[in-house]
>>> print(open('upload_2.cif').read())   # mmCIF, C-alpha atoms
data_input
loop_
_atom_site.label_atom_id
_atom_site.label_comp_id
_atom_site.auth_asym_id
_atom_site.auth_seq_id
_atom_site.Cartn_x
_atom_site.Cartn_y
_atom_site.Cartn_z
CA MET A 30 99.49 90.84 93.31
CA ALA A 31 102.55 88.75 92.73
CA GLY A 32 102.32 88.71 88.95
CA ASN A 33 104.57 85.94 87.65
CA ALA A 34 106.13 85.28 91.05
CA ALA A 35 105.17 83.94 94.43
CA VAL A 36 105.52 86.35 97.34
CA ILE A 37 106.69 85.28 100.76
CA ALA A 38 106.49 87.65 103.73
CA VAL A 39 109.13 86.52 106.24
CA CYS A 40 108.47 87.64 109.79
CA GLY A 41 110.27 88.13 113.08
CA HIS A 42 109.15 89.48 116.42
CA GLU A 43 107.88 92.77 114.95
CA ALA A 44 105.13 90.76 113.25
CA ALA A 45 104.78 88.12 116.00
CA TYR A 46 106.52 85.65 113.65
CA GLY A 47 103.64 86.02 111.17
CA ARG A 48 100.63 85.93 113.46
CA ALA A 49 100.17 89.71 113.32
CA LEU A 50 99.83 89.65 109.53
CA GLU A 51 97.35 86.79 109.18
CA GLY A 52 94.37 87.93 107.11
CA ARG A 53 95.93 91.33 106.39
CA LEU A 54 97.83 90.55 103.17
CA ALA A 55 96.63 89.21 99.84
CA PRO A 56 95.58 85.55 100.08
CA ASP A 57 98.33 84.41 97.69
CA VAL A 58 101.10 85.71 99.97
CA ASP A 59 102.86 83.12 102.13
CA ILE A 60 103.41 84.43 105.68
CA VAL A 61 106.16 82.55 107.50
CA PRO A 62 108.81 82.98 110.19
CA ASN A 63 112.44 82.74 109.13
CA GLY A 64 114.24 79.42 109.29
CA ARG A 65 112.81 76.08 108.26
CA ALA A 66 109.37 77.52 107.48
CA LEU A 67 110.87 79.98 104.98
CA PHE A 68 113.17 77.30 103.55
CA ARG A 69 110.24 74.94 102.96
CA ALA A 70 107.94 77.62 101.55
CA ALA A 71 110.55 78.83 99.06
CA ALA A 72 111.52 75.29 98.02
CA ALA A 73 107.87 74.34 97.48
CA ARG A 74 107.25 77.36 95.27
CA LEU A 75 110.37 76.63 93.24
CA ARG A 76 109.27 73.03 92.70
CA ARG A 77 106.09 74.41 91.16
CA GLY A 78 108.20 76.42 88.72
CA GLU A 79 107.50 79.81 90.27
CA ARG A 80 109.96 82.63 90.85
CA VAL A 81 109.99 83.64 94.51
CA VAL A 82 110.22 87.13 95.98
CA VAL A 83 110.84 87.27 99.72
CA VAL A 84 110.08 90.46 101.67
CA PRO A 85 111.51 90.82 105.20
CA MET A 86 108.68 92.25 107.30
CA THR A 87 110.68 94.55 109.52
CA LEU A 88 110.02 98.18 110.35
CA GLY A 89 113.69 98.91 110.95
CA ARG A 90 114.19 97.54 114.46
CA GLU A 91 115.08 94.01 113.34
CA PRO A 92 118.05 94.30 110.96
CA GLY A 93 119.13 90.75 111.74
CA LEU A 94 115.98 89.46 110.06
CA VAL A 95 117.26 90.61 106.66
CA ALA A 96 120.67 88.96 107.04
CA ASP A 97 119.18 85.78 108.50
CA THR A 98 116.68 85.60 105.64
CA ALA A 99 119.51 85.95 103.12
CA ARG A 100 121.36 83.07 104.79
CA THR A 101 118.29 80.87 104.63
CA LEU A 102 117.63 81.68 100.97
CA ARG A 103 121.24 81.00 100.03
CA ALA A 104 120.73 77.43 101.26
CA VAL A 105 117.58 76.78 99.18
CA PRO A 106 118.29 74.38 96.29
CA ASP A 107 117.86 75.87 92.81
CA ALA A 108 117.68 79.38 94.25
CA GLY A 109 120.21 80.81 91.77
CA ARG A 110 119.80 82.58 88.43
CA GLY A 111 117.17 84.96 89.79
CA ALA A 112 114.78 82.20 90.82
CA VAL A 113 114.67 83.65 94.34
CA LEU A 114 114.81 87.40 94.94
CA LEU A 115 115.29 89.05 98.32
CA ALA A 116 113.43 92.35 98.37
CA GLU A 117 114.35 95.35 100.44
CA PRO A 118 112.78 95.23 103.91
CA PHE A 119 109.22 96.45 104.27
CA GLY A 120 110.38 99.50 106.21
CA THR A 121 113.28 101.22 107.91
CA ALA A 122 113.58 103.13 111.16
CA GLN A 123 113.04 106.30 109.15
CA HIS A 124 109.74 104.93 107.87
CA LEU A 125 108.82 103.91 111.42
CA VAL A 126 109.32 107.47 112.63
CA ALA A 127 107.13 108.74 109.78
CA TRP A 128 104.34 106.22 110.42
CA LEU A 129 104.38 106.96 114.15
CA ARG A 130 104.27 110.70 113.50
CA ALA A 131 101.29 110.20 111.22
CA ALA A 132 99.52 108.20 113.93
CA ALA A 133 100.46 110.78 116.56
CA GLY A 134 98.96 113.48 114.37
CA ARG A 135 95.55 111.90 114.93
CA VAL A 136 95.93 112.05 118.72
CA PRO A 137 94.95 115.15 120.75
CA ALA A 138 97.98 117.20 121.70
CA ASP A 139 97.21 117.03 125.42
CA SER A 140 97.42 113.23 125.44
CA ALA A 141 100.58 111.35 126.35
CA LEU A 142 101.96 108.99 123.73
CA LEU A 143 103.11 105.50 124.68
CA VAL A 144 105.18 104.01 121.84
CA ALA A 145 105.02 100.26 122.35
CA ALA A 146 106.46 97.27 120.52
CA PRO A 147 107.54 93.68 121.20
CA SER A 148 110.85 93.55 123.02
CA GLY A 149 113.93 92.57 121.03
CA ASP A 150 117.61 92.51 121.89
CA PRO A 151 119.19 95.48 123.73
CA PHE A 152 120.18 97.20 120.49
CA GLU A 153 116.69 96.86 119.00
CA ASP A 154 115.09 98.17 122.20
CA ALA A 155 117.51 101.10 122.27
CA GLU A 156 116.46 101.86 118.69
CA LEU A 157 112.85 102.21 119.81
CA HIS A 158 113.92 104.82 122.37
CA ARG A 159 115.69 106.72 119.58
CA VAL A 160 112.62 106.50 117.36
CA ALA A 161 110.34 107.74 120.14
CA ALA A 162 112.70 110.65 120.80
CA LEU A 163 112.38 111.71 117.16
CA VAL A 164 108.58 111.41 117.33
CA ARG A 165 108.63 113.77 120.30
CA ARG A 166 111.24 116.11 118.80
CA TYR A 167 109.33 116.64 115.58
CA GLY A 168 105.82 116.35 116.98
CA ARG A 169 103.44 118.31 119.20
CA HIS A 170 103.13 115.99 122.19
CA GLU A 171 105.14 116.91 125.26
CA LEU A 172 105.10 113.46 126.83
CA VAL A 173 106.26 110.48 124.75
CA GLU A 174 107.17 107.30 126.60
CA VAL A 175 108.30 103.83 125.48
CA ALA A 176 107.10 100.38 126.52
CA PHE A 177 107.93 96.84 125.47
CA ASP A 178 105.56 93.92 125.16
CA GLY A 179 107.48 91.16 126.92
CA GLY A 180 110.13 93.59 128.16
CA ASP A 181 110.80 96.31 130.69
CA PRO A 182 108.94 98.53 131.11
CA GLY A 183 105.85 96.67 129.99
CA PRO A 184 102.81 98.48 128.54
CA ALA A 185 100.96 98.61 131.88
CA ALA A 186 104.03 100.06 133.59
CA GLY A 187 104.36 102.55 130.74
CA VAL A 188 100.80 103.73 131.27
CA ARG A 189 101.43 104.12 135.01
CA ARG A 190 104.57 106.13 134.30
CA CYS A 191 102.63 108.47 132.00
CA ALA A 192 100.06 108.98 134.78
CA LEU A 193 102.77 109.68 137.35
CA LEU A 194 104.22 112.29 135.00
CA GLY A 195 100.87 114.09 134.91
CA ALA A 196 99.10 112.61 131.88
CA GLU A 197 95.31 112.57 132.10
CA ARG A 198 95.00 110.22 129.12
CA VAL A 199 97.32 108.04 127.11
CA ALA A 200 97.36 107.05 123.44
CA LEU A 201 99.01 103.71 122.71
CA LEU A 202 101.04 103.84 119.48
CA PRO A 203 102.05 100.35 118.30
CA ALA A 204 105.52 100.53 116.73
CA SER A 205 105.14 97.11 115.13
CA PHE A 206 102.71 95.09 113.05
CA ALA A 207 101.37 93.48 116.22
CA ALA A 208 98.75 95.00 118.49
CA VAL A 209 99.88 95.76 122.04
CA ASP A 210 97.73 95.04 125.09
CA PRO A 211 98.06 97.85 127.63
CA GLY A 212 97.12 95.49 130.44
CA GLY A 213 94.56 96.04 133.16
CA ALA A 214 92.66 99.22 133.87
CA GLY A 215 94.88 101.99 135.14
CA SER A 216 94.30 105.37 136.67
CA VAL A 217 94.00 107.09 133.27
CA PRO A 218 92.09 106.11 130.12
CA VAL A 219 94.11 104.49 127.33
CA ALA A 220 93.17 104.80 123.65
CA ASP A 221 94.61 102.53 120.96
CA ALA A 222 95.94 104.67 118.08
CA GLY A 223 96.80 101.65 115.90
CA PRO A 224 97.25 99.91 113.65
CA LEU A 225 100.53 101.51 112.67
CA VAL A 226 100.08 100.68 108.98
CA PRO A 227 96.48 100.26 107.76
CA ASP A 228 95.84 97.18 105.63
CA PRO A 229 95.54 99.03 102.26
CA ALA A 230 98.91 100.73 102.86
CA LEU A 231 100.37 97.45 104.07
CA ARG A 232 99.50 95.76 100.79
CA ARG A 233 100.60 98.73 98.69
CA VAL A 234 104.06 98.95 100.27
CA LEU A 235 104.49 95.19 99.96
CA ASP A 236 103.63 95.44 96.26
CA GLU A 237 106.25 98.15 95.83
CA ARG A 238 108.95 96.08 97.49
CA VAL A 239 108.13 93.16 95.18
CA ALA A 240 108.15 95.38 92.09
CA ASP A 241 111.50 96.86 93.13
CA ALA A 242 112.99 93.39 93.54
CA HIS A 243 111.93 92.46 90.00
CA ARG A 244 113.28 95.74 88.64
CA ARG A 245 116.61 95.32 90.39
CA TRP A 246 117.02 91.85 88.91
CA ASP A 247 115.88 92.86 85.41
CA GLU A 248 118.09 95.95 85.26
CA HIS A 249 121.13 94.91 87.29
CA GLY A 250 121.00 91.14 87.70
CA ASP A 251 120.95 91.63 91.47
CA ASP A 252 118.90 89.10 93.45
CA GLY A 253 119.41 91.01 96.71
CA ILE A 254 120.79 88.03 98.62
CA THR A 255 124.44 89.07 98.69
CA THR A 256 123.49 92.58 99.82
CA GLY A 257 121.13 91.14 102.40
CA LEU A 258 123.87 89.05 104.00
CA ALA A 259 125.51 92.25 105.31
CA ALA A 260 122.26 94.02 106.14
CA ALA A 261 122.63 93.87 109.92
CA ASP A 262 125.86 95.88 109.65
CA HIS A 263 123.91 98.97 108.60
CA HIS A 264 120.29 98.28 109.54
CA GLY A 265 119.14 96.78 106.25
CA HIS A 266 119.39 97.70 102.59
CA ALA A 267 120.13 101.32 101.70
CA HIS A 268 116.45 102.18 101.37
CA THR A 269 115.48 105.76 102.09
CA HIS A 270 112.34 106.29 100.00
CA PRO A 271 109.19 107.29 101.83
CA PRO A 272 106.79 104.35 102.22
CA GLY A 273 103.96 104.16 99.71
CA GLU A 274 105.72 106.09 96.95
CA GLY A 275 107.02 104.54 93.74
CA HIS A 276 110.68 104.79 92.85
CA GLY A 277 113.16 103.59 90.26
CA HIS A 278 115.37 101.39 91.33
CA SER A 279 114.58 86.56 112.19
CA HIS A 280 115.04 85.73 114.42
CA GLY A 281 112.23 83.14 114.38
CA HIS A 282 111.65 80.42 116.92
CA ASP A 283 112.93 77.82 114.48
CA HIS A 284 116.21 78.61 112.80
CA GLY A 285 116.71 76.93 109.46
CA PRO A 286 119.59 75.88 107.24
CA ALA A 287 122.76 77.97 107.05
CA HIS A 288 121.69 80.04 110.06
CA GLU A 289 124.77 80.39 112.22
CA HIS A 290 125.95 83.49 114.06
CA GLY A 291 126.94 84.52 117.52
CA PRO A 292 124.83 86.53 119.92
CA GLY A 293 124.51 90.15 118.91
CA THR A 294 126.31 89.64 115.61
CA GLY A 295 125.98 92.64 113.34
CA HIS A 296 124.17 94.88 115.78
CA ARG A 297 127.11 97.03 116.84
CA HIS A 298 127.53 99.22 113.81
CA HIS A 299 124.49 101.39 113.19
CA HIS A 300 123.83 103.72 110.31
CA HIS A 301 120.69 105.80 110.65
CA PRO A 302 118.89 107.98 108.11
CA SER A 303 118.87 111.67 108.84
CA ALA A 304 116.20 112.67 111.33
CA ALA A 305 115.37 115.66 109.16
CA GLY A 306 114.19 113.28 106.43
CA ALA A 307 111.75 111.45 108.67
CA ASP A 308 109.00 113.93 107.84
CA LEU A 309 109.11 112.99 104.16
CA GLY A 310 107.20 109.78 104.72
CA ILE A 311 104.12 111.48 106.13
CA ARG A 312 102.74 112.54 102.77
CA SER A 313 102.64 108.98 101.44
CA ILE A 314 100.64 107.56 104.34
CA ALA A 315 98.30 110.35 105.30
#
>>> encode(input="upload_2.cif", output="structure tokens")
Amino acid sequence: MAGNAAVIAVCGHEAAYGRALEGRLAPDVDIVPNGRALFRAAAARLRRGERVVVVPMTLGREPGLVADTARTLRAVPDAGRGAVLLAEPFGTAQHLVAWLRAAAGRVPADSALLVAAPSGDPFEDAELHRVAALVRRYGRHELVEVAFDGGDPGPAAGVRRCALLGAERVALLPASFAAVDPGGAGSVPVADAGPLVPDPALRRVLDERVADAHRRWDEHGDDGITTGLAAADHHGHAHTHPPGEGHGHSHGHDHGPAHEHGPGTGHRHHHHPSAAGADLGIRSIA
């Protein structure tokens, strides 16, 4: 998969700091949280003489993961001269809308949708509400609610809310790499419509991000790290291609070297892809 380079998938809360991706990627991919684990994994690969390509495993709700990853990579010894490449993030909020719409398309129209994901900071949680609103606006389901694993409302409360609003059944749409537990039995049946990205598509999109990182270095001498440092200012790299289509061009528990920023840094200025373009991603993941 990696060709002449090692691939590291760096994970934040959207991927349960790596646990949600265990066994789902190619066996030669290192799956680590940001911080010391990423620093050590990259340094070890470099000592073996390998080029390293790091892919931030965010679906668009965790822009700080990209910037934090860039800070960590900048501190890795011998990371210059294209030895370490920071790829564009796995997905953007636009991709997330497209993947959720594809999942919703497999759910009966008379079912309520509960879009659920691990809770993040207030800006990340607000982004999930925006994403869910687009899923409802461009979909066929009248009732689309949001829930947060580890946040408020939780998945069980989200199911109860759907029932109170008249739903006779609920489809749980995970808006992350991690599965979401709806909690105990409620008054209405709950079906799991996940995973959001099936394993074959997961590996294919990862391959594309790695190939793009190589191409960007070969054609422009850009390792992606400088761009990544400012990623939180505009929700990641300027990546608007539908997932799964070729094209030409963390907050972890353990923060590593060169990881210093204040609370909420970079989350106040948001730039979102056009909602009208969200539908473009459906064709590549159907």
>>> resolve_selection(input="upload_2.cif", expression="the PyMOL selection byres ((chain A and resi 98) around 8)", output="PyMOL selection string")
chain A and resi 39+63-64+85+94-97+99-102+257+279
>>> resolve_selection(input="upload_2.cif", expression="the PyMOL selection byres ((chain A and resi 73-77) around 8)", output="PyMOL selection string")
chain A and resi 35+69-72+78-81+107-108+112
>>> atom_distance(input="upload_2.cif", atom1="atom CA of A:His170", atom2="atom CA of A:Ala192")
14.7 Å
>>> closest_residue(input="upload_2.cif", among="A:Asp228, A:Asp247, A:Glu237, A:Asp221", to="A:Leu50", atoms="all atoms listed in the file")
A:Asp228
>>> atom_distance(input="upload_2.cif", atom1="atom CA of A:Ala242", atom2="atom CA of A:Ala259")
17.2 Å
>>> atom_distance(input="upload_2.cif", atom1="atom CA of A:Pro118", atom2="atom CA of A:Ile37")
12.1 Å
>>> closest_residue(input="upload_2.cif", among="A:Phe177, A:Tyr46, A:Phe68, A:Phe119", to="A:Asp150", atoms="all atoms listed in the file")
A:Phe177
>>> resolve_selection(input="upload_2.cif", expression="the PyMOL selection byres ((chain A and resi 224) around 12)", output="number ranges by chain")
A: 49-50, 53, 128-129, 131-133, 145-146, 201-209, 220-223, 225-231
>>> closest_residue(input="upload_2.cif", among="A:Asn33, A:Ser140, A:Ser216, A:Gln123", to="A:Arg159", atoms="only C-alpha atoms")
A:Gln123
>>> residues_around(input="upload_2.cif", residues="A:Val217", least_positions_apart="4", cutoff="8 Å", atoms="only C-alpha atoms", output="number ranges by chain")
A: 188, 192, 196-199
>>> residues_around(input="upload_2.cif", residues="A:Ala122", least_positions_apart="3", cutoff="7 Å", atoms="only C-alpha atoms", output="list in words")
Leu88, Gly89, Arg90, Leu125 and Val126 of chain A
>>> closest_residue(input="upload_2.cif", among="A:Glu43, A:Asp57, A:Asp178, A:Glu171", to="A:Met86", atoms="only C-alpha atoms")
A:Glu43
>>> closest_residue(input="upload_2.cif", among="A:Ile60, A:Leu115, A:Val160, A:Arg190", to="A:Gly253", atoms="only C-alpha atoms")
A:Leu115
>>> closest_residue(input="upload_2.cif", among="A:Ala155, A:Ala200, A:Ala162, A:Cys40", to="A:Val84", atoms="only C-alpha atoms")
A:Cys40
>>> residues_around(input="upload_2.cif", residues="stretch 181-183 of chain A", least_positions_apart="2", cutoff="12 Å", atoms="all atoms listed in the file", output="PyMOL selection string")
chain A and resi 143-151+154-155+158+174-179+185-191+209-213
